[in-house]
$ cat start.tsv   # TSV, C-alpha atoms and all ligand atoms
chain	number	residue	atom	x	y	z
W	54	MET	CA	3.19	8.11	-12.49
W	55	ILE	CA	5.21	7.82	-15.71
W	56	GLU	CA	3.86	7.42	-19.20
W	57	ALA	CA	6.02	7.17	-22.26
W	58	SER	CA	4.57	6.72	-25.69
W	59	GLY	CA	6.15	6.46	-29.09
W	60	LEU	CA	9.55	7.53	-27.79
W	61	ARG	CA	12.29	7.80	-30.34
W	62	LYS	CA	15.69	9.38	-30.12
W	63	THR	CA	17.97	9.63	-33.06
W	64	TYR	CA	21.48	11.01	-33.30
W	65	GLY	CA	21.97	11.83	-36.95
W	66	ASP	CA	21.09	8.62	-38.76
W	67	PHE	CA	21.53	6.51	-35.67
W	68	ALA	CA	18.47	5.55	-33.64
W	69	ALA	CA	19.32	5.14	-29.96
W	70	VAL	CA	15.68	4.58	-28.89
W	71	VAL	CA	12.90	3.42	-31.18
W	72	ASP	CA	9.12	3.08	-30.67
W	73	SER	CA	9.33	2.88	-26.92
W	74	ASP	CA	6.07	2.72	-24.96
W	75	PHE	CA	5.75	1.97	-21.28
W	76	ALA	CA	3.96	3.13	-18.17
W	77	VAL	CA	5.16	2.98	-14.59
W	78	ASP	CA	2.61	2.88	-11.78
W	79	ASP	CA	2.77	4.82	-8.53
W	80	GLY	CA	4.95	3.11	-5.96
W	81	GLU	CA	6.44	0.66	-8.45
W	82	VAL	CA	10.07	-0.29	-8.92
W	83	PHE	CA	10.50	-0.57	-12.66
W	84	GLY	CA	13.63	-1.95	-14.27
W	85	ILE	CA	15.14	-1.25	-17.65
W	86	VAL	CA	17.56	-3.95	-18.59
W	87	GLY	CA	19.61	-4.57	-21.69
W	88	PRO	CA	23.12	-4.96	-23.08
W	89	ASN	CA	25.54	-2.09	-23.73
W	90	GLY	CA	24.14	0.41	-26.15
W	91	ALA	CA	20.56	-0.87	-25.81
W	92	GLY	CA	19.25	2.62	-25.11
W	93	LYS	CA	18.74	2.43	-21.33
W	94	THR	CA	20.60	5.61	-20.39
W	95	THR	CA	19.03	7.52	-23.25
W	96	THR	CA	15.58	6.44	-22.06
W	97	LEU	CA	16.32	7.46	-18.47
W	98	LYS	CA	17.69	10.82	-19.58
W	99	ILE	CA	14.52	11.40	-21.57
W	100	LEU	CA	12.47	10.67	-18.43
W	101	ALA	CA	14.64	13.07	-16.46
W	102	GLY	CA	14.16	15.81	-19.03
W	103	LEU	CA	17.86	15.86	-19.87
W	104	VAL	CA	17.50	14.55	-23.41
W	105	GLU	CA	14.73	15.71	-25.67
W	106	PRO	CA	13.13	12.87	-27.60
W	107	THR	CA	13.07	13.18	-31.37
W	108	ASP	CA	9.51	11.85	-31.28
W	109	GLY	CA	7.00	10.75	-28.71
W	110	GLU	CA	5.72	11.95	-25.40
W	111	VAL	CA	6.64	11.39	-21.82
W	112	THR	CA	4.94	12.58	-18.67
W	113	VAL	CA	6.37	12.22	-15.19
W	114	ALA	CA	4.18	12.90	-12.16
W	115	GLY	CA	1.69	14.56	-14.48
W	116	PHE	CA	4.18	16.94	-16.07
W	117	ASP	CA	5.73	16.82	-19.48
W	118	ALA	CA	9.34	15.71	-19.01
W	119	SER	CA	10.52	18.97	-20.57
W	120	ASP	CA	8.57	21.05	-18.01
W	121	PRO	CA	11.00	22.52	-15.44
W	122	GLU	CA	8.32	21.99	-12.77
W	123	MET	CA	8.69	18.22	-13.33
W	124	ARG	CA	12.20	18.35	-11.85
W	125	ARG	CA	10.79	19.26	-8.45
W	126	HIS	CA	9.16	15.83	-8.42
W	127	LEU	CA	12.17	13.91	-9.70
W	128	GLY	CA	15.43	12.62	-8.26
W	129	PHE	CA	17.95	11.56	-10.88
W	130	LEU	CA	21.03	9.46	-10.29
W	131	PRO	CA	23.29	9.46	-13.35
W	132	GLU	CA	25.51	6.49	-14.19
W	133	GLU	CA	28.56	8.56	-13.30
W	134	SER	CA	28.09	11.21	-10.66
W	135	PRO	CA	31.20	13.21	-9.91
W	136	LEU	CA	30.89	14.99	-6.55
W	137	TYR	CA	32.56	18.14	-5.31
W	138	GLU	CA	35.61	16.53	-3.78
W	139	GLU	CA	36.43	19.35	-1.37
W	140	MET	CA	33.03	19.16	0.32
W	141	THR	CA	31.89	16.74	3.00
W	142	ALA	CA	28.82	14.59	2.51
W	143	LEU	CA	26.83	16.89	4.77
W	144	SER	CA	27.92	20.16	3.19
W	145	TYR	CA	27.43	18.71	-0.29
W	146	LEU	CA	23.89	17.52	0.43
W	147	ARG	CA	22.97	20.77	2.13
W	148	PHE	CA	24.25	22.61	-0.92
W	149	PHE	CA	21.85	20.64	-3.15
W	150	ALA	CA	18.99	21.09	-0.71
W	151	ASP	CA	19.60	24.86	-0.93
W	152	LEU	CA	19.33	24.66	-4.72
W	153	TYR	CA	15.85	23.22	-4.23
W	154	ASP	CA	15.02	25.88	-1.61
W	155	VAL	CA	14.51	23.25	1.06
W	156	PRO	CA	14.52	24.93	4.50
W	157	ARG	CA	17.66	24.01	6.46
W	158	GLU	CA	15.90	22.15	9.26
W	159	VAL	CA	13.85	20.07	6.85
W	160	ALA	CA	16.93	19.44	4.72
W	161	ASP	CA	18.99	18.29	7.69
W	162	GLU	CA	16.28	15.90	8.77
W	163	ARG	CA	16.00	14.43	5.28
W	164	ILE	CA	19.74	14.17	4.84
W	165	GLU	CA	20.24	12.47	8.21
W	166	ALA	CA	17.40	10.04	7.48
W	167	ALA	CA	18.81	9.14	4.05
W	168	LEU	CA	22.36	8.76	5.32
W	169	ASP	CA	21.18	6.64	8.26
W	170	ARG	CA	19.22	4.35	5.98
W	171	LEU	CA	22.18	4.10	3.63
W	172	GLU	CA	24.44	3.39	6.63
W	173	LEU	CA	26.86	6.09	5.57
W	174	ASP	CA	29.73	6.73	7.93
W	175	HIS	CA	32.35	9.47	7.71
W	176	ARG	CA	29.83	12.20	6.97
W	177	GLU	CA	32.34	14.89	7.82
W	178	ARG	CA	35.11	13.49	5.66
W	179	ARG	CA	36.16	15.24	2.45
W	180	LEU	CA	34.35	13.53	-0.46
W	181	GLY	CA	37.62	13.26	-2.36
W	182	ASP	CA	38.83	10.89	0.36
W	183	VAL	CA	35.89	8.51	0.66
W	184	SER	CA	35.37	5.15	-1.04
W	185	LYS	CA	33.53	4.64	-4.32
W	186	GLY	CA	30.66	2.99	-2.43
W	187	MET	CA	30.31	5.98	-0.13
W	188	LYS	CA	30.35	8.36	-3.06
W	189	ARG	CA	27.55	6.38	-4.67
W	190	LYS	CA	25.56	6.51	-1.45
W	191	VAL	CA	26.03	10.28	-1.23
W	192	ALA	CA	24.84	10.60	-4.83
W	193	ILE	CA	21.78	8.51	-3.94
W	194	ALA	CA	21.12	10.70	-0.90
W	195	ARG	CA	21.44	13.72	-3.21
W	196	SER	CA	18.60	12.34	-5.35
W	197	LEU	CA	16.34	12.53	-2.30
W	198	VAL	CA	16.99	16.02	-0.92
W	199	ASN	CA	13.94	17.48	-2.69
W	200	ASP	CA	11.75	14.58	-1.45
W	201	PRO	CA	10.77	13.63	-5.02
W	202	ASP	CA	7.92	11.29	-5.96
W	203	VAL	CA	9.92	9.67	-8.73
W	204	LEU	CA	13.48	8.40	-8.68
W	205	VAL	CA	15.34	7.63	-11.87
W	206	TYR	CA	18.52	5.68	-11.15
W	207	ASP	CA	21.03	4.74	-13.83
W	208	GLU	CA	22.95	1.65	-12.72
W	209	PRO	CA	22.72	2.48	-9.00
W	210	ALA	CA	24.75	-0.49	-7.80
W	211	SER	CA	27.14	-0.97	-10.68
W	212	GLY	CA	30.77	-1.55	-9.75
W	213	LEU	CA	30.15	-1.68	-6.00
W	214	ASP	CA	31.37	-4.40	-3.66
W	215	PRO	CA	28.81	-7.03	-2.57
W	216	VAL	CA	28.13	-5.44	0.82
W	217	THR	CA	27.56	-1.98	-0.62
W	218	THR	CA	25.55	-3.47	-3.48
W	219	ASN	CA	23.33	-5.20	-0.96
W	220	SER	CA	22.87	-2.01	0.99
W	221	VAL	CA	21.99	0.02	-2.13
W	222	LEU	CA	19.54	-2.63	-3.38
W	223	ALA	CA	17.88	-2.90	0.02
W	224	PHE	CA	17.59	0.87	0.09
W	225	THR	CA	15.98	0.88	-3.36
W	226	ARG	CA	13.44	-1.68	-2.17
W	227	GLU	CA	12.72	0.46	0.87
W	228	LEU	CA	12.01	3.46	-1.35
W	229	ARG	CA	9.05	1.57	-2.73
W	230	GLU	CA	7.79	1.08	0.81
W	231	THR	CA	7.92	4.83	1.38
W	232	GLY	CA	5.66	5.34	-1.63
W	233	LYS	CA	8.31	6.45	-4.12
W	234	THR	CA	8.24	5.33	-7.71
W	235	VAL	CA	11.61	4.10	-8.92
W	236	VAL	CA	12.86	3.45	-12.43
W	237	PHE	CA	16.28	1.99	-12.69
W	238	SER	CA	18.55	0.47	-15.26
W	239	ALA	CA	20.97	-2.34	-14.67
W	240	HIS	CA	23.32	-4.63	-16.46
W	241	ASN	CA	23.32	-6.99	-13.59
W	242	LEU	CA	20.22	-9.12	-13.78
W	243	TYR	CA	20.45	-10.13	-10.15
W	244	HIS	CA	19.94	-6.49	-9.23
W	245	VAL	CA	16.83	-6.39	-11.37
W	246	GLU	CA	15.46	-9.69	-10.13
W	247	SER	CA	15.90	-8.78	-6.51
W	248	VAL	CA	14.32	-5.33	-6.64
W	249	CYS	CA	11.93	-4.79	-9.55
W	250	ASP	CA	8.20	-5.32	-9.80
W	251	ARG	CA	8.24	-5.13	-13.57
W	252	VAL	CA	10.90	-4.79	-16.22
W	253	VAL	CA	11.37	-3.99	-19.85
W	254	VAL	CA	14.18	-5.64	-21.76
W	255	MET	CA	15.75	-3.35	-24.35
W	256	ASN	CA	17.92	-4.36	-27.25
W	257	GLU	CA	19.23	-2.12	-30.01
W	258	GLY	CA	16.97	0.72	-29.00
W	259	ARG	CA	13.77	-1.29	-28.81
W	260	ILE	CA	11.78	-2.87	-26.04
W	261	VAL	CA	11.86	-6.58	-26.84
W	262	ALA	CA	10.14	-8.01	-23.75
W	263	ARG	CA	8.17	-6.66	-20.84
W	264	GLY	CA	6.33	-7.87	-17.79
W	265	SER	CA	7.06	-9.02	-14.29
W	266	VAL	CA	10.37	-10.80	-13.83
W	267	ASP	CA	8.47	-14.01	-13.06
W	268	GLY	CA	6.15	-13.50	-16.01
W	269	ILE	CA	9.04	-13.01	-18.41
W	270	ARG	CA	10.80	-16.00	-16.97
W	271	GLU	CA	7.71	-18.11	-17.23
W	272	ARG	CA	7.10	-17.11	-20.78
W	273	HIS	CA	10.60	-17.52	-22.08
W	274	GLY	CA	12.37	-19.94	-19.85
W	275	GLU	CA	11.74	-23.55	-19.13
W	276	THR	CA	11.30	-24.70	-15.58
W	277	THR	CA	13.01	-27.98	-14.80
W	278	TYR	CA	12.11	-30.31	-11.96
W	279	ARG	CA	14.44	-32.25	-9.75
W	280	VAL	CA	12.93	-35.42	-8.39
W	281	PHE	CA	14.74	-37.02	-5.46
W	282	THR	CA	14.14	-40.75	-4.98
W	283	ASP	CA	15.50	-43.38	-2.63
W	284	VAL	CA	16.14	-45.81	-5.52
W	285	GLU	CA	17.43	-45.32	-9.02
W	286	PRO	CA	14.31	-44.76	-11.17
W	287	THR	CA	15.33	-46.89	-14.14
W	288	ALA	CA	12.61	-49.52	-14.29
W	289	THR	CA	10.06	-47.86	-16.52
W	290	PRO	CA	10.91	-48.11	-20.20
W	291	GLY	CA	10.88	-44.75	-21.90
W	292	LEU	CA	12.25	-42.55	-19.12
W	293	ASP	CA	15.20	-41.66	-21.36
W	294	GLU	CA	12.82	-40.32	-23.94
W	295	LEU	CA	11.58	-37.76	-21.42
W	296	ASP	CA	14.97	-36.03	-21.36
W	297	ALA	CA	15.55	-37.28	-17.83
W	298	THR	CA	19.03	-37.37	-16.35
W	299	THR	CA	19.73	-39.11	-13.07
W	300	GLU	CA	22.64	-38.54	-10.71
W	301	GLU	CA	23.44	-40.21	-7.41
W	302	VAL	CA	23.60	-37.58	-4.66
W	303	GLY	CA	24.58	-39.02	-1.28
W	304	ASP	CA	22.07	-41.73	-0.46
W	305	ARG	CA	19.50	-40.40	-2.94
W	306	PHE	CA	19.05	-40.21	-6.66
W	307	ARG	CA	18.29	-36.89	-8.30
W	308	THR	CA	16.51	-37.04	-11.64
W	309	THR	CA	16.17	-33.81	-13.57
W	310	VAL	CA	13.22	-33.61	-15.96
W	311	PRO	CA	11.62	-30.84	-18.03
W	312	SER	CA	7.91	-31.36	-17.28
W	313	MET	CA	5.39	-32.43	-14.67
W	314	ASP	CA	4.47	-35.40	-16.89
W	315	ALA	CA	8.05	-36.53	-16.66
W	316	VAL	CA	7.91	-36.09	-12.88
W	317	ALA	CA	4.98	-38.54	-12.85
W	318	ALA	CA	6.99	-40.98	-14.95
W	319	VAL	CA	9.90	-40.77	-12.51
W	320	ARG	CA	7.51	-41.39	-9.63
W	321	GLU	CA	6.22	-44.49	-11.40
W	322	ALA	CA	9.73	-45.66	-12.18
W	323	ALA	CA	10.77	-45.25	-8.56
W	324	GLY	CA	7.71	-47.24	-7.46
W	325	ASP	CA	8.49	-49.99	-9.97
W	326	ALA	CA	12.01	-50.18	-8.55
W	327	GLY	CA	10.62	-50.63	-5.03
W	328	GLY	CA	11.26	-47.12	-3.80
W	329	GLU	CA	9.56	-43.74	-3.72
W	330	VAL	CA	9.91	-40.05	-4.36
W	331	VAL	CA	11.23	-38.25	-1.30
W	332	ASP	CA	11.35	-34.68	-2.59
W	333	ILE	CA	10.55	-32.66	-5.70
W	334	ARG	CA	12.03	-29.26	-6.43
W	335	SER	CA	11.49	-26.93	-9.31
W	336	ARG	CA	14.31	-24.96	-10.81
W	337	GLU	CA	13.30	-21.74	-12.49
W	338	PRO	CA	15.33	-20.38	-15.37
W	339	SER	CA	17.30	-17.34	-14.33
W	340	LEU	CA	16.61	-14.01	-15.97
W	341	GLU	CA	20.05	-14.48	-17.49
W	342	ASP	CA	18.86	-17.64	-19.28
W	343	VAL	CA	15.83	-15.76	-20.52
W	344	PHE	CA	17.89	-12.79	-21.56
W	345	LEU	CA	20.14	-15.03	-23.63
W	346	ASP	CA	17.08	-16.48	-25.27
W	347	ILE	CA	15.58	-13.11	-26.13
W	348	VAL	CA	18.64	-11.07	-27.01
W	349	GLY	CA	20.79	-13.92	-28.25
W	350	ARG	CA	23.88	-12.94	-26.28
W	351	PRO	CA	24.84	-12.87	-22.64
W	352	MET	CA	24.60	-9.83	-20.46
W	353	PRO	CA	27.89	-8.12	-19.87
W	354	GLY	CA	29.19	-8.27	-16.31
W	355	ARG	CA	26.87	-11.10	-15.43
W	356	TYR	CA	26.11	-11.66	-11.80
W	357	THR	CA	28.98	-9.76	-10.32
W	358	GLY	CA	28.38	-8.61	-6.80
W	359	ASP	CA	25.63	-11.12	-6.13
W	360	PRO	CA	25.09	-10.57	-2.43
W	361	GLY	CA	22.89	-13.62	-2.12
W	362	GLY	CA	25.67	-15.80	-3.45
W	363	ASP	CA	23.33	-17.57	-5.84
W	364	GLY	CA	21.66	-15.19	-8.15
W	365	THR	CA	21.60	-17.57	-11.04
W	366	ASP	CA	18.94	-20.09	-10.14
W	367	ALA	CA	15.76	-19.86	-8.24
W	368	GLU	CA	14.83	-23.18	-6.77
W	369	SER	CA	11.69	-23.85	-4.85
W	370	ASP	CA	9.37	-26.57	-3.73
W	371	ALA	CA	7.47	-27.72	-6.74
W	372	ASP	CA	3.78	-27.50	-6.71
W	373	GLY	CA	3.90	-26.83	-10.38
W	374	ASP	CA	1.76	-23.74	-10.11
W	375	GLY	CA	2.72	-20.69	-12.06
W	376	ASP	CA	1.30	-17.41	-10.91
W	377	GLY	CA	-0.06	-16.56	-14.28
W	378	ASP	CA	1.82	-13.29	-14.52
W	379	GLU	CA	1.22	-11.65	-17.78
W	380	SER	CA	4.20	-10.66	-19.85
W	381	GLU	CA	4.71	-10.08	-23.46
W	382	THR	CA	7.51	-10.21	-25.89
W	383	GLU	CA	7.91	-8.04	-28.86
W	384	THR	CA	9.82	-9.47	-31.72
W	385	ALA	CA	13.24	-7.89	-31.94
W	386	ARG	CA	13.45	-6.14	-35.24
W	387	PRO	CA	16.78	-5.26	-36.75
W	388	ALA	CA	18.28	-2.19	-35.04
W	389	ALA	CA	16.34	0.84	-36.14
W	390	THR	CA	15.27	0.84	-39.71
W	391	GLU	CA	16.09	4.53	-39.56
W	392	ALA	CA	19.68	3.67	-38.74
W	393	THR	CA	21.59	3.58	-41.92
W	394	GLU	CA	25.32	3.77	-41.76
G	401	LIG	N1	24.93	11.92	-27.61
G	401	LIG	C1	25.01	10.85	-28.38
G	401	LIG	N2	25.41	10.94	-29.65
G	401	LIG	C2	25.48	9.86	-30.45
G	401	LIG	N3	25.15	8.61	-30.07
G	401	LIG	C3	24.74	8.44	-28.81
G	401	LIG	C4	24.65	9.55	-27.90
G	401	LIG	N4	24.20	9.07	-26.72
G	401	LIG	C5	24.03	7.73	-26.87
G	401	LIG	N5	24.36	7.37	-28.13
G	401	LIG	C6	24.32	6.03	-28.67
G	401	LIG	O1	23.03	5.49	-28.46
G	401	LIG	C7	23.11	4.11	-28.14
G	401	LIG	C8	22.38	3.89	-26.83
G	401	LIG	O2	23.16	4.48	-25.79
G	401	LIG	P1	22.75	4.38	-24.27
G	401	LIG	O3	23.82	5.07	-23.48
G	401	LIG	O4	21.36	4.83	-24.11
G	401	LIG	O5	22.81	2.82	-24.05
G	401	LIG	P2	22.82	2.00	-22.70
G	401	LIG	O6	21.83	0.90	-22.89
G	401	LIG	O7	22.65	2.86	-21.54
G	401	LIG	O8	24.29	1.40	-22.74
G	401	LIG	P3	25.34	1.14	-21.55
G	401	LIG	O9	24.80	-0.05	-20.84
G	401	LIG	O10	26.58	0.84	-22.29
G	401	LIG	O11	25.39	2.36	-20.70
G	401	LIG	C9	24.57	3.76	-28.07
G	401	LIG	O12	24.94	3.15	-29.30
G	401	LIG	C10	25.26	5.10	-27.91
G	401	LIG	O13	26.54	5.09	-28.49
$ encode --input "start.tsv" --output "structure tokens"
Amino acid sequence: MIEASGLRKTYGDFAAVVDSDFAVDDGEVFGIVGPNGAGKTTTLKILAGLVEPTDGEVTVAGFDASDPEMRRHLGFLPEESPLYEEMTALSYLRFFADLYDVPREVADERIEAALDRLELDHRERRLGDVSKGMKRKVAIARSLVNDPDVLVYDEPASGLDPVTTNSVLAFTRELRETGKTVVFSAHNLYHVESVCDRVVVMNEGRIVARGSVDGIRERHGETTYRVFTDVEPTATPGLDELDATTEEVGDRFRTTVPSMDAVAAVREAAGDAGGEVVDIRSREPSLEDVFLDIVGRPMPGRYTGDPGGDGTDAESDADGDGDGDESETETARPAATEATE
């Protein structure tokens, strides 16, 4: 649905996007993640045909991004989307539908459906008087009035309260179920983890990692295991050497270890001490941990508005099986060689 190859955008001597290649499949939710200034917005604007790349090619729904016909297939949500404050949500959305020559009846049906799914109240209220969350929802509904195949959303849930964030993320997931292809950027890694099929991580204009969220996590992060025993597993010499740490938790002992071999050693130690393992859980590194590893600095605005309340760690029963997702990392080169100050 989207193919970008050799994308580069320079402003004078400064390279905002360098050597960017990626493809987005039909019906996929694709995330672009990275710190401030990484080149996310520039990339999205190139996809939306709003910024012309200095080099490279991009096709969206089979059209060159610069082809005006492409816009009929695209819904774009900019990072900031000022609305006409004197209009109501309904009149505003009808206005945009008219710009796309959507017949009134069809437009009304689409608008109602989008606003229902977004749970938007106060449809007849002046947009100048509605909350920031409602404005964002109206802007999202606007991106759908032409029933596009591809949606390009720049930070769709940024700065929203947890309830609205949840609603916007759920809506984005639903778009995939209706066959839309979505590309979105986010600072907040929880947003990316909870919605995207695949992501690219950008830093200083370049893609530095790509793959499924799980694949990237698997490749860059280290899974730890928490072994719960009914005795303190201290009997076997050498447990310390396995980087094991044990804490007493209620009537159990929780030993955290970095490998399945160490899990086996804990099991043996518990047996030697006359007890047994009662539970084993794996703890996946968060995308945040991985991001720190790849980019070398934390994401700004980390995990704000986490509607799940625990976006930082994924914990699951440990069978020790990875899903073998492929992902790859590209070595981060210094910010564009073209960029000379
Ligand atoms: N029109 C422009 N002229 C000059 N420099 C620009 C222009 N647009 C973007 N840049 C620069 O290009 C770099 C990438 O900007 P971009 O907005 O794509 O980053 P971003 O990853 O979206 O960042 P943020 O998360 O802060 O929105 C930044 O250093 C920015 O200052």
$ closest_residue --input "start.tsv" --among "W:Gly303, W:Gly102, W:Pro286, W:Pro131" --to "ligand LIG 401 (chain G)" --atoms "only C-alpha atoms and all ligand atoms"
W:Pro131
$ closest_residue --input "start.tsv" --among "W:Ser184, W:Ser134, W:Thr96, W:Asn89" --to "Ala118 of chain W" --atoms "all atoms listed in the file"
W:Thr96
$ closest_residue --input "start.tsv" --among "W:Ile260, W:Ile55, W:Leu173, W:Cys249" --to "ligand LIG 401 (chain G)" --atoms "all atoms listed in the file"
W:Ile260
$ residues_around --input "start.tsv" --residues "Val266 of chain W" --least-positions-apart "3" --cutoff "8 Å" --atoms "only C-alpha atoms" --output "CSV table (one decimal) with C-alpha atoms, in the frame of the given file"
chain,number,residue,atom,x,y,z
W,246,GLU,CA,15.5,-9.7,-10.1
W,249,CYS,CA,11.9,-4.8,-9.6
W,250,ASP,CA,8.2,-5.3,-9.8
W,251,ARG,CA,8.2,-5.1,-13.6
W,252,VAL,CA,10.9,-4.8,-16.2
W,269,ILE,CA,9.0,-13.0,-18.4
W,270,ARG,CA,10.8,-16.0,-17.0
W,340,LEU,CA,16.6,-14.0,-16.0
$ residues_near_ligand --input "start.tsv" --ligand "ligand LIG 401 (chain G)" --cutoff "6 Å" --atoms "only C-alpha atoms and all ligand atoms" --output "PyMOL selection string"
chain W and resi 64+69+88-95
$ atom_distance --input "start.tsv" --atom1 "atom CA of Gly324 of chain W" --atom2 "atom CA of Thr276 of chain W"
24.2 Å
$ residues_around --input "start.tsv" --residues "Val348 of chain W" --least-positions-apart "4" --cutoff "9 Å" --atoms "only C-alpha atoms" --output "PDB file with C-alpha atoms, in the coordinates of the input"
ATOM      1  CA  GLY W  87      19.610  -4.570 -21.690  1.00  0.00           C
ATOM      2  CA  PRO W  88      23.120  -4.960 -23.080  1.00  0.00           C
ATOM      3  CA  VAL W 254      14.180  -5.640 -21.760  1.00  0.00           C
ATOM      4  CA  MET W 255      15.750  -3.350 -24.350  1.00  0.00           C
ATOM      5  CA  ASN W 256      17.920  -4.360 -27.250  1.00  0.00           C
ATOM      6  CA  VAL W 261      11.860  -6.580 -26.840  1.00  0.00           C
ATOM      7  CA  VAL W 343      15.830 -15.760 -20.520  1.00  0.00           C
ATOM      8  CA  PHE W 344      17.890 -12.790 -21.560  1.00  0.00           C
ATOM      9  CA  MET W 352      24.600  -9.830 -20.460  1.00  0.00           C
ATOM     10  CA  ALA W 385      13.240  -7.890 -31.940  1.00  0.00           C
TER      11      ALA W 385
END
$ closest_residue --input "start.tsv" --among "W:Glu208, W:Glu321, W:Asp214, W:Glu300" --to "Glu133 of chain W" --atoms "all atoms listed in the file"
W:Glu208
$ atom_distance --input "start.tsv" --atom1 "atom CA of Ile333 of chain W" --atom2 "atom CA of Pro311 of chain W"
12.5 Å
$ atom_distance --input "start.tsv" --atom1 "atom CA of Leu204 of chain W" --atom2 "atom CA of Met187 of chain W"
19.0 Å
$ closest_residue --input "start.tsv" --among "W:Val221, W:Asp78, W:Thr63, W:Ile193" --to "Val236 of chain W" --atoms "only C-alpha atoms"
W:Asp78
$ residues_around --input "start.tsv" --residues "Leu180 of chain W" --least-positions-apart "2" --cutoff "6 Å" --atoms "only C-alpha atoms" --output "PyMOL selection string"
chain W and resi 138+140-141+182-183
$ closest_residue --input "start.tsv" --among "W:Gly80, W:Pro156, W:Gly128, W:Gly109" --to "Ala57 of chain W" --atoms "all atoms listed in the file"
W:Gly109
$ residues_around --input "start.tsv" --residues "Gly328 of chain W" --least-positions-apart "2" --cutoff "7 Å" --atoms "all atoms listed in the file" --output "ChimeraX atom specification"
/W:283-284,323-324,326
$ axis_aligned_box --input "start.tsv" --around "segment 226-244 of chain W" --padding-each-side "8 Å" --output "lines of an AutoDock Vina configuration file"
center_x = 14.5
center_y = -1.8
center_z = -7.5
size_x = 33.7
size_y = 32.6
size_z = 33.8
$ residues_around --input "start.tsv" --residues "Ser312 of chain W" --least-positions-apart "4" --cutoff "7 Å" --atoms "all atoms listed in the file" --output "list in words"
Thr277, Tyr278 and Val316 of chain W
$ decode --input "start.tsv" --residues "segment 127-169 of chain W" --atoms "C-alpha atoms" --output "PDB file, in the first residue's frame"
ATOM      1  CA  LEU W 127      -5.473   9.416   1.905  1.00  0.00           C
ATOM      2  CA  GLY W 128      -6.637  10.805   5.231  1.00  0.00           C
ATOM      3  CA  PHE W 129      -4.036  12.933   6.999  1.00  0.00           C
ATOM      4  CA  LEU W 130      -4.109  13.979  10.626  1.00  0.00           C
ATOM      5  CA  PRO W 131      -1.462  16.617  11.328  1.00  0.00           C
ATOM      6  CA  GLU W 132       0.186  16.928  14.741  1.00  0.00           C
ATOM      7  CA  GLU W 133      -1.652  20.197  15.303  1.00  0.00           C
ATOM      8  CA  SER W 134      -5.011  20.543  13.634  1.00  0.00           C
ATOM      9  CA  PRO W 135      -6.703  23.866  14.248  1.00  0.00           C
ATOM     10  CA  LEU W 136     -10.431  23.645  13.496  1.00  0.00           C
ATOM     11  CA  TYR W 137     -12.863  26.343  12.468  1.00  0.00           C
ATOM     12  CA  GLU W 138     -13.975  27.368  15.926  1.00  0.00           C
ATOM     13  CA  GLU W 139     -17.302  28.883  14.882  1.00  0.00           C
ATOM     14  CA  MET W 140     -18.505  25.644  13.291  1.00  0.00           C
ATOM     15  CA  THR W 141     -20.029  22.629  15.008  1.00  0.00           C
ATOM     16  CA  ALA W 142     -18.526  19.181  14.584  1.00  0.00           C
ATOM     17  CA  LEU W 143     -21.276  18.270  12.142  1.00  0.00           C
ATOM     18  CA  SER W 144     -21.080  21.403  10.016  1.00  0.00           C
ATOM     19  CA  TYR W 145     -17.285  21.220   9.992  1.00  0.00           C
ATOM     20  CA  LEU W 146     -17.210  17.601   8.847  1.00  0.00           C
ATOM     21  CA  ARG W 147     -19.882  18.214   6.229  1.00  0.00           C
ATOM     22  CA  PHE W 148     -17.810  21.114   4.951  1.00  0.00           C
ATOM     23  CA  PHE W 149     -14.822  18.796   4.418  1.00  0.00           C
ATOM     24  CA  ALA W 150     -17.003  16.119   2.857  1.00  0.00           C
ATOM     25  CA  ASP W 151     -18.202  18.769   0.371  1.00  0.00           C
ATOM     26  CA  LEU W 152     -14.590  19.547  -0.519  1.00  0.00           C
ATOM     27  CA  TYR W 153     -14.218  15.894  -1.502  1.00  0.00           C
ATOM     28  CA  ASP W 154     -17.538  15.976  -3.402  1.00  0.00           C
ATOM     29  CA  VAL W 155     -19.032  13.340  -1.145  1.00  0.00           C
ATOM     30  CA  PRO W 156     -22.830  13.290  -1.607  1.00  0.00           C
ATOM     31  CA  ARG W 157     -24.598  14.647   1.493  1.00  0.00           C
ATOM     32  CA  GLU W 158     -26.370  11.425   2.426  1.00  0.00           C
ATOM     33  CA  VAL W 159     -23.205   9.369   2.151  1.00  0.00           C
ATOM     34  CA  ALA W 160     -21.269  12.025   4.055  1.00  0.00           C
ATOM     35  CA  ASP W 161     -23.803  12.120   6.881  1.00  0.00           C
ATOM     36  CA  GLU W 162     -23.714   8.366   7.219  1.00  0.00           C
ATOM     37  CA  ARG W 163     -19.910   8.336   7.344  1.00  0.00           C
ATOM     38  CA  ILE W 164     -19.742  11.227   9.769  1.00  0.00           C
ATOM     39  CA  GLU W 165     -22.303   9.686  12.124  1.00  0.00           C
ATOM     40  CA  ALA W 166     -20.506   6.335  12.006  1.00  0.00           C
ATOM     41  CA  ALA W 167     -17.125   7.919  12.764  1.00  0.00           C
ATOM     42  CA  LEU W 168     -18.477  10.097  15.561  1.00  0.00           C
ATOM     43  CA  ASP W 169     -20.338   7.143  17.084  1.00  0.00           C
TER      44      ASP W 169
END
